[in-house]
Structures are given as C-alpha cells and as structure tokens.
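Engineer: What follows is data.cif; its format and atoms are mmCIF, C-alpha atoms and all ligand atoms.
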data_data
loop_
_atom_site.label_atom_id
_atom_site.label_comp_id
_atom_site.auth_asym_id
_atom_site.auth_seq_id
_atom_site.Cartn_x
_atom_site.Cartn_y
_atom_site.Cartn_z
CA MET A 1 108.45 100.76 83.27
CA GLU A 2 106.36 103.39 81.50
CA PHE A 3 104.88 104.44 84.83
CA LEU A 4 108.37 104.94 86.25
CA GLN A 5 109.89 106.43 83.10
CA GLN A 6 107.26 109.16 83.08
CA ARG A 7 108.11 110.09 86.67
CA THR A 8 111.81 109.55 87.29
CA GLU A 9 115.11 108.48 85.77
CA ILE A 10 115.53 104.73 85.57
CA ASP A 11 118.18 102.18 84.67
CA TYR A 12 116.46 99.09 83.34
CA GLU A 13 117.25 96.16 81.13
CA SER A 14 114.56 93.91 79.75
CA THR A 15 115.92 90.48 80.57
CA ALA A 16 114.68 87.48 82.47
CA ASP A 17 118.22 86.80 83.70
CA GLY A 18 118.93 88.21 87.12
CA LEU A 19 122.17 90.02 87.88
CA THR A 20 124.98 88.27 89.72
CA SER A 21 125.82 89.84 93.08
CA PRO A 22 128.92 91.69 91.73
CA GLN A 23 126.86 92.95 88.76
CA LEU A 24 124.07 94.10 91.06
CA ILE A 25 126.50 95.91 93.38
CA GLU A 26 128.12 97.64 90.39
CA ARG A 27 124.78 98.53 88.79
CA ALA A 28 123.37 99.92 92.05
CA ARG A 29 126.23 102.38 92.39
CA GLY A 30 124.94 105.96 92.37
CA LYS A 31 121.27 104.86 92.51
CA ARG A 32 118.84 106.05 95.16
CA VAL A 33 116.49 103.05 94.93
CA ILE A 34 116.59 99.56 93.52
CA ILE A 35 113.42 97.65 92.69
CA SER A 36 113.91 93.97 93.52
CA GLN A 37 112.13 90.65 93.01
CA PHE A 38 112.39 87.47 95.05
CA THR A 39 114.95 86.12 92.56
CA ASP A 40 117.39 88.90 93.55
CA PRO A 41 119.34 87.69 96.59
CA LEU A 42 120.17 90.60 98.90
CA PRO A 43 122.00 89.02 101.85
CA ARG A 44 124.13 91.00 104.32
CA GLU A 45 127.30 90.52 102.21
CA VAL A 46 125.63 92.30 99.28
CA ILE A 47 123.79 94.92 101.32
CA THR A 48 126.99 96.08 103.04
CA GLN A 49 128.40 96.85 99.60
CA LEU A 50 125.44 98.87 98.35
CA LYS A 51 127.16 102.11 99.29
CA GLY A 52 124.99 105.18 98.95
CA LEU A 53 121.81 103.23 98.24
CA GLY A 54 118.74 104.61 99.99
CA MET A 55 116.05 102.03 99.41
CA ILE A 56 115.08 98.56 98.20
CA ALA A 57 111.52 98.63 96.84
CA HIS A 58 110.60 94.97 96.64
CA VAL A 59 107.93 93.58 94.31
CA GLY A 60 106.27 90.87 96.39
CA VAL A 61 104.93 90.32 99.86
CA GLY A 62 107.57 87.76 100.89
CA PHE A 63 110.99 89.36 101.38
CA ASP A 64 113.07 86.40 102.56
CA ASN A 65 115.63 87.21 99.84
CA ILE A 66 116.48 90.48 101.66
CA ASP A 67 118.39 90.70 104.94
CA LEU A 68 116.09 93.28 106.52
CA GLN A 69 118.24 93.59 109.63
CA ALA A 70 121.35 94.39 107.56
CA ALA A 71 119.41 96.90 105.45
CA THR A 72 118.10 98.59 108.59
CA GLU A 73 121.61 98.76 110.11
CA HIS A 74 122.84 100.40 106.90
CA GLY A 75 120.02 102.96 106.85
CA ILE A 76 118.42 101.44 103.75
CA LEU A 77 114.63 101.60 103.56
CA VAL A 78 112.90 98.37 102.50
CA SER A 79 109.31 98.17 101.27
CA ASN A 80 107.16 95.32 99.98
CA THR A 81 103.72 94.95 98.37
CA PRO A 82 101.34 93.53 100.99
CA GLY A 83 97.57 93.16 100.84
CA ILE A 84 96.88 93.32 97.12
CA LEU A 85 97.81 89.72 96.36
CA ASN A 86 95.92 87.92 99.13
CA ASP A 87 92.88 86.90 97.09
CA THR A 88 94.84 85.97 93.99
CA THR A 89 97.28 83.82 95.97
CA ALA A 90 94.49 82.09 97.90
CA ASP A 91 92.62 81.49 94.63
CA PHE A 92 95.66 79.68 93.28
CA ALA A 93 96.22 77.67 96.46
CA PHE A 94 92.63 76.53 96.20
CA ALA A 95 93.09 75.79 92.49
CA LEU A 96 96.07 73.54 93.34
CA LEU A 97 94.05 71.87 96.10
CA MET A 98 91.19 71.19 93.70
CA ALA A 99 93.45 70.10 90.85
CA ALA A 100 95.22 67.58 93.09
CA ALA A 101 91.99 66.33 94.73
CA ARG A 102 90.04 65.97 91.49
CA ARG A 103 93.00 64.88 89.35
CA VAL A 104 92.52 67.66 86.82
CA VAL A 105 96.03 67.48 85.36
CA GLU A 106 95.92 63.68 85.06
CA ALA A 107 92.51 63.94 83.39
CA ASP A 108 93.78 66.47 80.87
CA ALA A 109 96.76 64.25 79.98
CA PHE A 110 94.45 61.24 79.75
CA VAL A 111 92.20 62.92 77.20
CA ARG A 112 95.00 64.48 75.14
CA SER A 113 96.99 61.25 74.92
CA GLY A 114 94.03 59.41 73.45
CA GLN A 115 93.66 57.04 76.42
CA TRP A 116 89.95 57.84 76.73
CA LYS A 117 88.39 54.96 74.82
CA LYS A 118 85.32 54.36 76.95
CA TRP A 119 83.68 55.79 80.01
CA SER A 120 83.71 53.94 83.33
CA LEU A 121 82.18 54.68 86.73
CA ASP A 122 85.45 54.91 88.62
CA MET A 123 87.46 56.59 85.89
CA LEU A 124 89.94 59.05 87.45
CA ALA A 125 87.90 59.12 90.66
CA GLY A 126 89.23 61.81 92.96
CA MET A 127 88.45 63.04 96.44
CA ASP A 128 85.70 65.29 97.67
CA ILE A 129 86.58 68.76 98.83
CA HIS A 130 83.26 69.93 100.26
CA HIS A 131 82.58 69.02 103.89
CA ARG A 132 86.16 67.84 104.38
CA THR A 133 88.68 69.38 106.77
CA LEU A 134 91.02 72.13 105.61
CA GLY A 135 94.10 72.76 107.78
CA ILE A 136 95.82 76.12 107.31
CA ILE A 137 99.32 76.64 108.66
CA GLY A 138 100.03 80.37 108.78
CA MET A 139 96.88 82.39 109.31
CA GLY A 140 98.01 85.78 108.06
CA ARG A 141 96.17 87.68 105.35
CA ILE A 142 96.55 84.98 102.68
CA GLY A 143 95.75 82.15 105.10
CA GLN A 144 92.57 83.97 106.08
CA GLU A 145 91.52 84.26 102.45
CA MET A 146 92.14 80.53 102.11
CA ALA A 147 89.86 79.97 105.12
CA ARG A 148 87.12 82.00 103.39
CA ARG A 149 87.43 79.80 100.33
CA GLY A 150 87.23 76.70 102.51
CA ARG A 151 84.10 78.02 104.17
CA GLY A 152 82.60 78.60 100.72
CA PHE A 153 83.07 74.89 100.08
CA SER A 154 81.39 73.97 103.40
CA MET A 155 84.70 72.77 104.81
CA ARG A 156 85.65 72.49 108.45
CA VAL A 157 88.58 74.87 108.85
CA LEU A 158 91.41 74.32 111.35
CA TYR A 159 94.40 76.61 111.60
CA ASN A 160 97.72 76.89 113.34
CA ASN A 161 99.51 80.18 113.71
CA ARG A 162 102.13 81.63 116.04
CA THR A 163 99.53 84.01 117.42
CA ARG A 164 95.93 83.04 117.77
CA LEU A 165 93.29 85.18 116.06
CA SER A 166 90.70 87.06 118.11
CA ALA A 167 87.52 85.16 118.98
CA GLU A 168 85.57 87.48 116.62
CA LYS A 169 87.94 86.75 113.73
CA GLU A 170 87.78 83.01 114.40
CA GLN A 171 84.01 83.22 114.35
CA GLU A 172 83.95 85.29 111.18
CA LEU A 173 86.21 82.78 109.41
CA ASN A 174 84.59 79.80 111.10
CA ALA A 175 88.10 78.57 111.86
CA ALA A 176 89.36 76.76 114.96
CA TRP A 177 92.91 77.11 116.31
CA VAL A 178 94.61 73.75 116.98
CA SER A 179 98.18 72.59 117.52
CA LYS A 180 100.21 71.84 114.40
CA GLU A 181 100.15 68.14 115.32
CA GLN A 182 96.36 68.02 115.67
CA LEU A 183 95.96 69.89 112.41
CA LEU A 184 98.22 67.47 110.56
CA ARG A 185 96.40 64.47 112.03
CA GLU A 186 92.89 65.72 111.26
CA ALA A 187 93.12 67.70 108.02
CA ASP A 188 92.20 66.23 104.64
CA TYR A 189 93.93 69.20 103.03
CA VAL A 190 96.93 70.97 104.57
CA SER A 191 97.80 74.35 103.06
CA LEU A 192 100.88 76.38 103.99
CA HIS A 193 100.66 80.16 104.22
CA CYS A 194 103.50 81.23 106.49
CA PRO A 195 106.51 83.40 105.60
CA LEU A 196 109.99 81.89 105.34
CA ASN A 197 112.23 82.87 108.22
CA ASP A 198 114.55 81.16 110.72
CA ALA A 199 111.55 79.88 112.69
CA THR A 200 109.75 78.37 109.69
CA ARG A 201 112.62 76.85 107.67
CA HIS A 202 111.77 73.13 107.38
CA LEU A 203 108.69 73.65 109.54
CA ILE A 204 107.23 70.62 107.76
CA LYS A 205 109.54 67.64 107.80
CA GLU A 206 109.42 63.86 107.83
CA GLU A 207 107.80 63.50 111.25
CA ASP A 208 105.06 65.94 110.19
CA PHE A 209 104.24 64.09 106.98
CA ARG A 210 104.05 60.88 109.02
CA LEU A 211 101.26 62.45 111.11
CA MET A 212 99.12 63.21 108.06
CA LYS A 213 96.31 61.00 106.76
CA PRO A 214 97.18 58.66 103.87
CA THR A 215 94.34 60.37 102.00
CA ALA A 216 95.59 63.90 102.72
CA ILE A 217 96.68 66.44 100.13
CA PHE A 218 99.46 68.89 100.89
CA VAL A 219 99.47 72.37 99.29
CA ASN A 220 102.34 74.85 99.36
CA THR A 221 102.10 78.33 97.90
CA ALA A 222 104.23 79.92 100.64
CA ARG A 223 107.96 79.27 100.19
CA GLY A 224 109.74 76.04 99.25
CA PRO A 225 112.23 75.92 102.13
CA VAL A 226 109.37 75.88 104.67
CA VAL A 227 109.18 72.21 103.69
CA ASP A 228 111.87 69.54 103.73
CA GLU A 229 111.40 68.62 100.08
CA ALA A 230 113.20 65.27 100.35
CA ALA A 231 110.76 64.31 103.13
CA LEU A 232 107.82 65.41 100.96
CA VAL A 233 109.05 63.20 98.11
CA LYS A 234 109.36 60.27 100.52
CA ALA A 235 105.86 60.95 101.86
CA LEU A 236 104.45 60.84 98.33
CA GLU A 237 106.50 57.85 97.18
CA GLU A 238 105.69 55.81 100.27
CA ARG A 239 102.05 56.94 100.24
CA TRP A 240 102.03 58.52 103.69
CA ILE A 241 99.98 61.20 101.91
CA ALA A 242 97.83 61.02 98.78
CA GLY A 243 98.96 64.01 96.78
CA ALA A 244 100.34 67.52 96.65
CA GLY A 245 99.76 70.87 94.95
CA LEU A 246 103.00 72.83 94.83
CA ASP A 247 103.82 76.29 93.56
CA VAL A 248 107.11 76.72 95.41
CA PHE A 249 110.20 74.54 95.78
CA GLU A 250 113.33 74.37 97.86
CA ARG A 251 115.77 75.16 95.05
CA GLU A 252 113.78 77.05 92.42
CA PRO A 253 113.77 76.75 89.48
CA THR A 254 115.16 73.25 90.09
CA VAL A 255 112.45 70.80 91.10
CA HIS A 256 113.20 67.54 92.90
CA GLU A 257 113.26 64.63 90.45
CA GLY A 258 110.87 62.71 92.74
CA LEU A 259 108.25 65.45 92.36
CA LEU A 260 108.68 65.62 88.60
CA LYS A 261 108.02 61.88 88.42
CA CYS A 262 105.02 61.87 90.76
CA GLU A 263 101.73 62.18 88.90
CA ARG A 264 99.89 62.75 92.18
CA ALA A 265 101.73 66.06 92.56
CA VAL A 266 100.44 69.09 90.66
CA LEU A 267 103.32 71.48 90.03
CA ALA A 268 103.45 75.17 89.12
CA PRO A 269 106.38 77.59 88.65
CA HIS A 270 105.81 80.05 91.56
CA ILE A 271 102.82 81.81 89.98
CA SER A 272 100.30 82.06 92.83
CA SER A 273 100.03 85.82 92.65
CA SER A 274 100.33 85.85 88.87
CA SER A 275 97.11 87.26 87.52
CA VAL A 276 97.55 90.16 85.11
CA GLU A 277 95.65 92.45 87.48
CA THR A 278 97.55 91.51 90.63
CA ARG A 279 101.03 91.46 89.12
CA THR A 280 100.28 94.90 87.63
CA LYS A 281 99.13 96.19 91.02
CA MET A 282 102.24 94.73 92.69
CA THR A 283 104.64 96.41 90.29
CA VAL A 284 102.82 99.74 90.47
CA MET A 285 102.79 99.53 94.28
CA ALA A 286 106.56 98.91 94.35
CA ALA A 287 107.05 101.79 91.92
CA GLU A 288 104.92 104.07 94.11
CA ASN A 289 106.98 103.15 97.15
CA ALA A 290 110.16 103.95 95.21
CA LEU A 291 108.79 107.23 93.85
CA ALA A 292 107.67 108.35 97.30
CA ALA A 293 111.21 107.94 98.60
CA VAL A 294 112.69 109.73 95.57
CA ALA A 295 110.26 112.60 96.19
CA GLY A 296 111.23 112.71 99.87
CA THR A 297 107.95 111.47 101.32
CA CYS A 298 107.60 108.41 103.52
CA PRO A 299 106.92 105.31 101.36
CA PRO A 300 103.60 103.71 102.37
CA ASN A 301 104.74 100.09 102.68
CA LEU A 302 107.94 100.30 104.67
CA LEU A 303 109.11 97.17 106.47
CA ASN A 304 111.60 99.17 108.55
CA PRO A 305 109.78 102.47 109.17
CA ALA A 306 112.19 103.43 111.97
CA VAL A 307 114.87 104.04 109.30
CA TRP A 308 112.73 106.83 107.83
CA ASP A 309 113.27 109.17 110.80
CA SER A 310 117.00 109.31 110.23
CA TRP A 311 117.07 108.50 106.51
CA ALA A 312 120.15 110.13 104.96
CA PHE A 313 118.24 111.27 101.86
CA ARG A 314 115.23 112.69 103.67
CA PRO A 315 114.71 116.41 102.98
CA ALA A 316 114.79 118.31 106.28
CA ALA A 317 111.18 119.48 106.02
CA ALA A 318 109.67 116.23 104.68
CA GLY A 319 106.92 114.43 106.60
C1 LIG B 401 105.40 87.11 96.82
O1 LIG B 401 104.74 88.14 96.71
O2 LIG B 401 106.06 86.89 97.84
C2 LIG B 401 105.41 86.16 95.67
O3 LIG B 401 105.91 84.93 96.05
C3 LIG B 401 106.19 86.72 94.50
O4 LIG B 401 107.44 87.15 94.92
#
I'd like the structure from this file rewritten - as structure tokens, please.
Structural biologist:
Amino acid sequence: MEFLQQRTEIDYESTADGLTSPQLIERARGKRVIISQFTDPLPREVITQLKGLGMIAHVGVGFDNIDLQAATEHGILVSNTPGILNDTTADFAFALLMAAARRVVEADAFVRSGQWKKWSLDMLAGMDIHHRTLGIIGMGRIGQEMARRGRGFSMRVLYNNRTRLSAEKEQELNAAWVSKEQLLREADYVSLHCPLNDATRHLIKEEDFRLMKPTAIFVNTARGPVVDEAALVKALEERWIAGAGLDVFEREPTVHEGLLKCERAVLAPHISSSSVETRTKMTVMAAENALAAVAGTCPPNLLNPAVWDSWAFRPAAAG
C-alpha cells in the first residue's frame, strides 16, 4: 500500500472480507485499475458492468477467478504475477509431500497430546521419499521446479502435460513424459501443477484415484476444482490411496468433512506461495503492472497484450 500510495491515488480498505459483486462494481466506478486476488470473482456478468475500467492487475499466477475473454472483449487489460512464485510454491508442495509421507503432523499431535510414553521401532513409521517415483501433472514453471526437487531426492520423475517438453528440457529435469494413466499407475507421489480451466476441471476423478497405488500420496497445490473432492475423500476412506497433502479445495474456505476427519490428509489454507519474500514480490509486481498502465506504458505481465494496441486510456505517443 505504501508503495502505491507514494506513486498514485488509491482507494483501499484494510479488511480480510472481500467485496460482494455489487459492492465491487460500485467501488470500481471511476477507477482506472483494480488490483484483485483470487478471492475476488470477476466473471463476465461483473466484468460487463465495470464501465470505464481500464485494467485488472491480479496478484497471483492463477487467474481462474477472472473471465479473461470477457475482459479482452471489453478492452480491459489483465495482468498476473508469473515466475516469482515458482520456487516457493514447489517448496510447499514438496513440504506437503514430505509431511504426508513421514507423518509429520500426526507425530506433532502425538507428542503434544502426551501419547509418547515409550519409543518403539515402528512408531509412526512413514514412507520413503528418496528413490521413489514422483508423478507431476502439469509441467509448467511450478511443475518443473517440483521436478528439480524430486531429482534432489534421487526420485524417478514422470510427468504428464498437454504439450511435451523439449528433449533437452526433459534431460535437464531428468523427467519422462508418460500418459496420465501410466503416471497414476506408477507414481508413489502424484503432484498437481496445472491451471484451472474448462479442460482441467475435475481432471482427477474417481476412475483416476482407482488407478493409483494403495501406497500412493496425492498432493494438490494447484486449484481445488481440478480434483473431484468427493472422489478424493472416497479414495482416502476406502484406502485406494495412502494419503494426501492439500493446499487447495473445491469450495474454499469450506473443506470437505471427510478431509477434516482424515488424519492421513495434511491440510493447509491455500498458502503455497506464502513466504514473506514471495508474497511481497507478488504484490509489488501487481502494483508495478498497475502503475505502468496508469503511467501509459505497457504493463510487463499482460495476459491479453493485444488489448494494449487499442487500449482506450493509452496516450497516443506511448510505447
Ligand atoms: C496463485 O498465485 O495463483 C496463488 O494461488 C495465490 O492466488
């Protein structure tokens, strides 16, 4: 806020409560740019009413809350914050993987609740991570960082992605492309890293969990609706899979009762990119995108760059 306040005029309220759609539409009136988060739904019905708005500067890499097509049709620039959160997000995905495999949360509860009376050889025995198979679904920038972490743990890395990586990239990451089905059958750890869109909604459903090993651990730091959550609960309850590490859910902040009850699921409140450094970089990056537009220069992280050429607020001589 300070960064923005020193550079432009802002309308800001310090509250964790998001605005309702009518409030947002009203509040956006007369503004050049709004800075959004993934908790601000911006579907077509809202976008069409954002009269006179020039830009949505989104804080986050995923922008499934924004109807990009509608924004583009209405001449509204949309930017996001790619790149800077890849490592932090992959770190957290790996943390969830490790926590679920090595039962870190259960162990912590065990000690705190005074259940630790004596040591035993098989106490809270978990599963090895090193030399096991990591399956990555969605091999974009974050998926690739996950692969690097897997390699660091001497894992065999399989991936599935809409487009296959170049042979050089596969070699660098030591990752092999396989079908989704083969990946689900062979992986000890399955980690999701794809965006949410029409093609990926419920990409992982009952039949997919049934393909997985009963010892497998499922990790999701992508978006909740990529997974059929009811099917995931069934897979955990009926032991088709061994555990899960989840940072995202289908109806956030509501979490399926079956997941809340399952001690083999490690749960987090959508915080994969939440390190102080990365969240600071993300907000500054969004602010820089917004400020560029306000100053009449092309924002660096546009998702619809074609809008820039005919942008209504672009000064005639701007580049
Ligand atoms: C992202 O960047 O997409 C994170 O999920 C936070 O919105």
Engineer: Using CA of Val61 (chain A) and CA of Leu203 (chain A) as the two end points, give the distance in Å to one decimal.
Structural biologist: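 A separation of 19.6 Å between them.
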Engineer: Take the point (103.6, 82.9, 92.0) as written in the file and pick out every residue within 12 Å of it, counting all atoms listed in the file; give the list as a count of residues only.
Structural biologist: 38
Engineer: Which one is closest to ligand LIG 401 (chain B): A:Ile241, A:Ile66, A:Ala147, A:Ile137? Count all atoms listed in the file.
Structural biologist: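 So, comparing all the options, the nearest one is A:Ile66.
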Engineer: Can you tell me, as a PyMOL selection string, what residues are no more than 12 Å from Leu184 (chain A) when counting all atoms listed in the file, ignoring any on the same chain fewer than 6 positions away?
Structural biologist: chain A and resi 133-137+158-160+178+190-192+204-205+207-218+240-241
Engineer: By how many Å are CA of Ala265 (chain A) and CA of Val233 (chain A) apart?
Structural biologist: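 Those two atoms sit 9.6 Å apart.
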Engineer: In the coordinate frame of the file, compute which residues have an atom within 10 Å of (111.2, 92.9, 102.2) when using only C-alpha atoms, and state them as a PyMOL selection string.
Structural biologist: chain A and resi 36-38+42+56-68+71+77-82+301-304
Engineer: Calculated over all atoms listed in the file, which of the candidates A:Ser14, A:Ile142, A:Thr48, A:Gly150 has the smallest distance to ligand LIG 401 (chain B)?
Structural biologist: A:Ile142
Engineer: CA of Ala235 (chain A) and CA of Glu206 (chain A) are how many Å apart?
Structural biologist: 7.5 Å
Engineer: Using all atoms listed in the file, can you tell me which of A:Ile84, A:Ala109, A:Met155, A:Cys262 comes closest to Glu277 (chain A)?
Structural biologist: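 Of the candidates, the smallest distance to Glu277 (chain A) is held by A:Ile84.
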Engineer: Taking all listed atoms of ligand LIG 401 (chain B), build the axis-aligned box, pad each of the six sides by 3 Å, then write its centre and edge lengths in Å to one decimal as lines of an AutoDock Vina configuration file.
Structural biologist:
center_x = 106.1
center_y = 86.5
center_z = 96.2
size_x = 8.7
size_y = 9.2
size_z = 9.3
